[in-house]
Amino acid sequence: MAPLPPPTAPGGLAQLDERSREIFRRIVEGYLDSGEPVGSRNVARLLSRTLSPASVRNVMADLEDAGLIYAPHTSAGRLPTDRGLRFFVDALLEIGDLGDDERRRIEAEIAASGRSPEQVLTEASQMLSGLSRGAGVVLAHTSDLKLKHIEFVWLEPTKGLVVLVGEDGAVENRLIDLPIGLPPSALQEAANFLNTHIRGRTLAEARAQLERLAAERQAELDQLTDRVVEAGLASWAGATEGRPQQLIVRGRANLLEDLKAAEDLERIRLLFDDLERNKNLVELLGDAERGDGVRVFIGSESKLFSLSGSSLVVSPYRDKDQRVVGVLGVIGPTRLNYGRIVPMVDYTAKLVSRLLG
C-alpha cells in the first residue's frame with residue numbers, strides 16, 4: 001500500500017517523549033472507539049507502565065498546551081483536536097491490512113463482469129459506504145472518455161442538441177446555443193468534420209488536435225460551422241471551468257447514525273448542504289488527485305469540513321495508461337477507524353484501476 005504522507009507536525013510535537021506519545025495515543029484510540037472524552041483514570045489503567053492518574057493529568061496538560069487535545073467542558077476527559085488527529089494519523093497510526101474475507105467481499109461487489117465504468121464506480125461508492133458505515137464518494141472525469149462518434153441535432157433556430165458516444169457505449173447529451181442564422185446543413189458539416197478527427201481520442205486530446213488543425217483547415221469550415229464545432233466540444237471539455245466531473249455519493253444516511261447531541265445533527269446538516277452544492281468537495285477531491293496513494297483530510301483542515309467536523313479518506317484511481325482519472329473514498333466523522341479505512345480505500349482504488357484498465 002502506498003504510504004501516507006510523512007508526519008507534518010511541527011518539531012515540538014514530533015519530539016514528544018515516549019510516555020507522552022503513549023498517553024496521547026490512548027486518548028485518541030479511546031475517542032476513535034467511543035466518541036467520548038477520555039479521562040486520566042482510564043488512561044492510567046491502559047498504560048504499559050505504572051503511572052498515577054495525577055501524573056497522567058500533568059502530561060495531559062502538556063498535550064493540551066501543545067494543541068493536541070482539549071476538554072469539551074470543565075472536569076471532563078480529553079478529546080483530540082483536529083491538529084491532534086492529524087499528528088496521530090501522520091506519526092502514530094498503525095495501518096492494518098485487509099483480511100481475505102474483506103478483499104473477497106470488495107471484489108464480489110464491484111468486480112462483476114459486463115458492468116459499465118459508471119456502474120463499477122457506483123458500486124465502489126456503495127460498497128465503501130457499507131463497509132465503513134460512512135458515505136462513499138467517487139469523483140470521475142467524464143472528459144477522459146474516449147470518443148467514438150458525435151452528432152448535432154437542430155431543435156429550433158437558436159438551440160441544438162449535441163450527442164456524444166464513447167467507445168464503451170456511453171452516451172451523453174447536451175443542449176447548446178446555435179448562432180443565429182445557422183443553416184441545418186451546417187450541423188451535419190460540423191459533425192462530419194469532428195468525426196474525422198476525434199475517434200479514439202479523449203476530449204482533451206480532441207481539442208488539442210482541432211487546435212492544431214485550425215490554421216491549416218480553416219477554409220474547410222465557414223465561420224458559423226466553426227462556432228458550432230467549438231460549442232459542441234466545449235460543452236464537455238469545459239473550456240472555461242476545467243474538465244466536467246461526475247460526483248457519486250452513496251450512504252449519506254450512515255452519517256446520521258450514532259449522533260451524540262443536537263449539535264451533531266447540526267454538524268451533519270451543514271455537511272449535507274455542502275454535499276448538495278458539491279463545489280467544495282469537487283475541489284477537495286481534485287487536490288487528492290495530485291498525490292500518490294491514500295490522502296486523509298481532517299476536520300478544519302479543509303473549508304468543506306471546517307463547519308461540519310468531518311473527515312475524508314481518499315485515493316486516486318487510474319486508467320490502463322496509468323493516468324489519474326478520478327478519486328474515491330469515504331466521508332465520515334473525525335473518529336473514523338483510520339487504521340481500517342485507509343487500507344480499504346487503497347485496495348478499492350487499485351481494484352477499480354484494474355477493472356477500468
# chains A, B, ... in the order shown; residues from 1 in each chain; ligands from 1
call {"tool": "residues_around", "arguments": {"residues": "stretch 20-27 of chain A", "least_positions_apart": "2", "cutoff": "9 Å", "atoms": "only C-alpha atoms", "output": "PyMOL selection string"}}
result
chain A and resi 16-18+29-32+37-40+43-44+46-48+56+59-60+62-63+68-69+78-80+84+88+92-93
call {"tool": "write_last_selection", "arguments": {"atoms": "N, CA and C atoms", "output": "PDB file, in the first residue's frame"}}
result
ATOM      1  N   LEU A  16       7.828  14.633  21.002  1.00  0.00           N
ATOM      2  CA  LEU A  16       7.194  14.159  22.232  1.00  0.00           C
ATOM      3  C   LEU A  16       7.929  12.920  22.740  1.00  0.00           C
ATOM      4  N   ASP A  17       8.133  12.852  24.075  1.00  0.00           N
ATOM      5  CA  ASP A  17       8.805  11.667  24.612  1.00  0.00           C
ATOM      6  C   ASP A  17       7.864  10.461  24.556  1.00  0.00           C
ATOM      7  N   GLU A  18       8.408   9.294  24.845  1.00  0.00           N
ATOM      8  CA  GLU A  18       7.656   8.053  24.672  1.00  0.00           C
ATOM      9  C   GLU A  18       6.425   8.007  25.579  1.00  0.00           C
ATOM     10  N   GLU A  29      -7.146   6.775  20.658  1.00  0.00           N
ATOM     11  CA  GLU A  29      -7.761   5.474  20.396  1.00  0.00           C
ATOM     12  C   GLU A  29      -9.071   5.322  21.167  1.00  0.00           C
ATOM     13  N   GLY A  30      -9.118   5.845  22.388  1.00  0.00           N
ATOM     14  CA  GLY A  30     -10.354   5.804  23.155  1.00  0.00           C
ATOM     15  C   GLY A  30     -11.449   6.623  22.500  1.00  0.00           C
ATOM     16  N   TYR A  31     -11.073   7.795  21.984  1.00  0.00           N
ATOM     17  CA  TYR A  31     -12.038   8.643  21.286  1.00  0.00           C
ATOM     18  C   TYR A  31     -12.523   7.981  19.996  1.00  0.00           C
ATOM     19  N   LEU A  32     -11.603   7.405  19.220  1.00  0.00           N
ATOM     20  CA  LEU A  32     -11.998   6.757  17.976  1.00  0.00           C
ATOM     21  C   LEU A  32     -12.921   5.572  18.227  1.00  0.00           C
ATOM     22  N   PRO A  37     -15.092  11.701  25.578  1.00  0.00           N
ATOM     23  CA  PRO A  37     -13.848  12.168  26.191  1.00  0.00           C
ATOM     24  C   PRO A  37     -13.207  11.060  27.025  1.00  0.00           C
ATOM     25  N   VAL A  38     -11.893  11.063  27.081  1.00  0.00           N
ATOM     26  CA  VAL A  38     -11.140  10.028  27.796  1.00  0.00           C
ATOM     27  C   VAL A  38     -10.492  10.656  29.016  1.00  0.00           C
ATOM     28  N   GLY A  39     -10.758  10.086  30.192  1.00  0.00           N
ATOM     29  CA  GLY A  39     -10.246  10.633  31.443  1.00  0.00           C
ATOM     30  C   GLY A  39      -8.918  10.038  31.852  1.00  0.00           C
ATOM     31  N   SER A  40      -8.266  10.684  32.813  1.00  0.00           N
ATOM     32  CA  SER A  40      -6.925  10.277  33.247  1.00  0.00           C
ATOM     33  C   SER A  40      -6.933   8.901  33.905  1.00  0.00           C
ATOM     34  N   VAL A  43      -6.987   6.281  31.188  1.00  0.00           N
ATOM     35  CA  VAL A  43      -5.690   6.231  30.521  1.00  0.00           C
ATOM     36  C   VAL A  43      -4.671   5.502  31.389  1.00  0.00           C
ATOM     37  N   ALA A  44      -4.646   5.813  32.697  1.00  0.00           N
ATOM     38  CA  ALA A  44      -3.672   5.201  33.606  1.00  0.00           C
ATOM     39  C   ALA A  44      -3.812   3.678  33.631  1.00  0.00           C
ATOM     40  N   LEU A  46      -4.696   1.792  31.185  1.00  0.00           N
ATOM     41  CA  LEU A  46      -4.324   1.213  29.898  1.00  0.00           C
ATOM     42  C   LEU A  46      -2.830   1.279  29.598  1.00  0.00           C
ATOM     43  N   LEU A  47      -2.088   2.059  30.378  1.00  0.00           N
ATOM     44  CA  LEU A  47      -0.675   2.279  30.063  1.00  0.00           C
ATOM     45  C   LEU A  47       0.167   1.028  30.293  1.00  0.00           C
ATOM     46  N   SER A  48       1.232   0.921  29.532  1.00  0.00           N
ATOM     47  CA  SER A  48       2.136  -0.217  29.666  1.00  0.00           C
ATOM     48  C   SER A  48       3.033  -0.087  30.891  1.00  0.00           C
ATOM     49  N   VAL A  56      -0.643  11.336  34.972  1.00  0.00           N
ATOM     50  CA  VAL A  56      -1.262  11.352  33.644  1.00  0.00           C
ATOM     51  C   VAL A  56      -1.874  12.721  33.367  1.00  0.00           C
ATOM     52  N   VAL A  59       0.718  15.186  32.205  1.00  0.00           N
ATOM     53  CA  VAL A  59       1.077  15.008  30.804  1.00  0.00           C
ATOM     54  C   VAL A  59      -0.052  15.520  29.910  1.00  0.00           C
ATOM     55  N   MET A  60      -1.290  15.254  30.303  1.00  0.00           N
ATOM     56  CA  MET A  60      -2.425  15.718  29.514  1.00  0.00           C
ATOM     57  C   MET A  60      -2.442  17.248  29.433  1.00  0.00           C
ATOM     58  N   ASP A  62       0.194  19.139  29.412  1.00  0.00           N
ATOM     59  CA  ASP A  62       1.213  19.493  28.419  1.00  0.00           C
ATOM     60  C   ASP A  62       0.695  19.262  26.996  1.00  0.00           C
ATOM     61  N   LEU A  63      -0.023  18.153  26.788  1.00  0.00           N
ATOM     62  CA  LEU A  63      -0.581  17.863  25.467  1.00  0.00           C
ATOM     63  C   LEU A  63      -1.626  18.904  25.071  1.00  0.00           C
ATOM     64  N   LEU A  68      -2.870  19.521  21.085  1.00  0.00           N
ATOM     65  CA  LEU A  68      -3.206  18.189  20.601  1.00  0.00           C
ATOM     66  C   LEU A  68      -4.527  17.672  21.154  1.00  0.00           C
ATOM     67  N   ILE A  69      -4.890  18.091  22.375  1.00  0.00           N
ATOM     68  CA  ILE A  69      -6.137  17.645  22.987  1.00  0.00           C
ATOM     69  C   ILE A  69      -6.828  18.843  23.618  1.00  0.00           C
ATOM     70  N   ARG A  78     -10.571  14.223  28.005  1.00  0.00           N
ATOM     71  CA  ARG A  78      -9.997  14.987  26.903  1.00  0.00           C
ATOM     72  C   ARG A  78     -10.341  14.337  25.559  1.00  0.00           C
ATOM     73  N   LEU A  79     -10.453  15.182  24.547  1.00  0.00           N
ATOM     74  CA  LEU A  79     -10.667  14.773  23.168  1.00  0.00           C
ATOM     75  C   LEU A  79      -9.522  15.289  22.310  1.00  0.00           C
ATOM     76  N   PRO A  80      -9.174  14.598  21.225  1.00  0.00           N
ATOM     77  CA  PRO A  80      -8.141  15.138  20.333  1.00  0.00           C
ATOM     78  C   PRO A  80      -8.683  16.294  19.502  1.00  0.00           C
ATOM     79  N   GLY A  84      -4.456  17.420  16.622  1.00  0.00           N
ATOM     80  CA  GLY A  84      -4.016  16.193  17.253  1.00  0.00           C
ATOM     81  C   GLY A  84      -4.300  14.967  16.407  1.00  0.00           C
ATOM     82  N   PHE A  88      -1.684  12.264  14.956  1.00  0.00           N
ATOM     83  CA  PHE A  88      -1.878  10.830  15.182  1.00  0.00           C
ATOM     84  C   PHE A  88      -1.837  10.063  13.859  1.00  0.00           C
ATOM     85  N   LEU A  92       1.598   8.340  14.344  1.00  0.00           N
ATOM     86  CA  LEU A  92       1.388   7.253  15.296  1.00  0.00           C
ATOM     87  C   LEU A  92       0.456   6.156  14.803  1.00  0.00           C
ATOM     88  N   LEU A  93      -0.282   6.400  13.739  1.00  0.00           N
ATOM     89  CA  LEU A  93      -1.284   5.438  13.290  1.00  0.00           C
ATOM     90  C   LEU A  93      -0.639   4.149  12.788  1.00  0.00           C
TER      91      LEU A  93
END
call {"tool": "residues_around", "arguments": {"residues": "A:Leu178", "least_positions_apart": "2", "cutoff": "7 Å", "atoms": "only C-alpha atoms", "output": "PyMOL selection string"}}
result
chain A and resi 158-160+176+180+182+228
call {"tool": "write_last_selection", "arguments": {"atoms": "C-alpha atoms", "output": "PDB file, in the first residue's frame"}}
result
ATOM      1  CA  THR A 158     -31.023  29.130 -31.635  1.00  0.00           C
ATOM      2  CA  LYS A 159     -30.949  25.757 -29.851  1.00  0.00           C
ATOM      3  CA  GLY A 160     -29.389  22.420 -30.730  1.00  0.00           C
ATOM      4  CA  ILE A 176     -26.065  24.105 -26.918  1.00  0.00           C
ATOM      5  CA  ILE A 180     -28.439  32.988 -35.340  1.00  0.00           C
ATOM      6  CA  LEU A 182     -27.156  28.809 -38.887  1.00  0.00           C
ATOM      7  CA  VAL A 228     -20.819  25.016 -33.769  1.00  0.00           C
TER       8      VAL A 228
END
call {"tool": "residues_around", "arguments": {"residues": "A:Asp319", "least_positions_apart": "2", "cutoff": "6 Å", "atoms": "only C-alpha atoms", "output": "PyMOL selection string"}}
result
chain A and resi 321-323+353+356-357
call {"tool": "closest_residue", "arguments": {"among": "A:Arg250, A:Arg295, A:Arg354, A:Arg335", "to": "A:Val137", "atoms": "only C-alpha atoms"}}
result
A:Arg250
call {"tool": "residues_around", "arguments": {"residues": "A:Ala111", "least_positions_apart": "6", "cutoff": "9 Å", "atoms": "only C-alpha atoms", "output": "list in words"}}
result
Val120, Glu123, Leu351, Val352 and Leu355 of chain A
call {"tool": "write_last_selection", "arguments": {"atoms": "N, CA, C and O atoms", "output": "short mmCIF file (atom, residue, chain, number, x, y, z; two decimals), in the first residue's frame"}}
result
data_model
loop_
_atom_site.label_atom_id
_atom_site.label_comp_id
_atom_site.auth_asym_id
_atom_site.auth_seq_id
_atom_site.Cartn_x
_atom_site.Cartn_y
_atom_site.Cartn_z
N VAL A 120 -19.39 0.38 -12.27
CA VAL A 120 -18.28 -0.01 -11.40
C VAL A 120 -18.06 1.06 -10.33
O VAL A 120 -17.91 0.75 -9.14
N GLU A 123 -20.98 1.14 -7.77
CA GLU A 123 -20.86 0.01 -6.85
C GLU A 123 -19.73 0.23 -5.85
O GLU A 123 -19.84 -0.13 -4.68
N LEU A 351 -8.26 -1.85 -7.17
CA LEU A 351 -9.16 -2.77 -7.86
C LEU A 351 -9.91 -2.05 -8.97
O LEU A 351 -10.02 -2.57 -10.09
N VAL A 352 -10.42 -0.85 -8.69
CA VAL A 352 -11.12 -0.08 -9.71
C VAL A 352 -10.18 0.25 -10.86
O VAL A 352 -10.56 0.17 -12.03
N LEU A 355 -9.95 -2.80 -13.00
CA LEU A 355 -11.19 -3.05 -13.74
C LEU A 355 -11.35 -2.08 -14.90
O LEU A 355 -11.74 -2.46 -16.01
#
call {"tool": "closest_residue", "arguments": {"among": "A:Leu161, A:Ala349, A:Val330, A:Val28", "to": "A:Asp82", "atoms": "only C-alpha atoms"}}
result
A:Val28
call {"tool": "closest_residue", "arguments": {"among": "A:Arg105, A:Leu336, A:Asp97, A:Arg45", "to": "A:Gly309", "atoms": "only C-alpha atoms"}}
result
A:Leu336
call {"tool": "closest_residue", "arguments": {"among": "A:Val327, A:Ile198, A:Val138, A:Val296", "to": "A:Leu121", "atoms": "only C-alpha atoms"}}
result
A:Val138
call {"tool": "atom_distance", "arguments": {"atom1": "atom CA of A:Leu155", "atom2": "atom CA of A:Glu172"}}
result
16.7 Å
call {"tool": "closest_residue", "arguments": {"among": "A:Pro316, A:Thr122, A:Val324, A:Arg199", "to": "A:Glu109", "atoms": "only C-alpha atoms"}}
result
A:Thr122
call {"tool": "residues_around", "arguments": {"residues": "A:Gly169", "least_positions_apart": "5", "cutoff": "12 Å", "atoms": "only C-alpha atoms", "output": "VMD selection string"}}
result
chain A and resid 115 to 118 145 to 149 164
call {"tool": "residues_around", "arguments": {"residues": "A:Ser311", "least_positions_apart": "3", "cutoff": "7 Å", "atoms": "only C-alpha atoms", "output": "PyMOL selection string"}}
result
chain A and resi 297-299+331-334
call {"tool": "atom_distance", "arguments": {"atom1": "atom CA of A:Ser129", "atom2": "atom CA of A:Gly251"}}
result
5.3 Å
call {"tool": "closest_residue", "arguments": {"among": "A:Ala61, A:Ala54, A:Ala71, A:Val313", "to": "A:Gly339", "atoms": "only C-alpha atoms"}}
result
A:Val313
call {"tool": "atom_distance", "arguments": {"atom1": "atom CA of A:His73", "atom2": "atom CA of A:Glu36"}}
result
12.1 Å
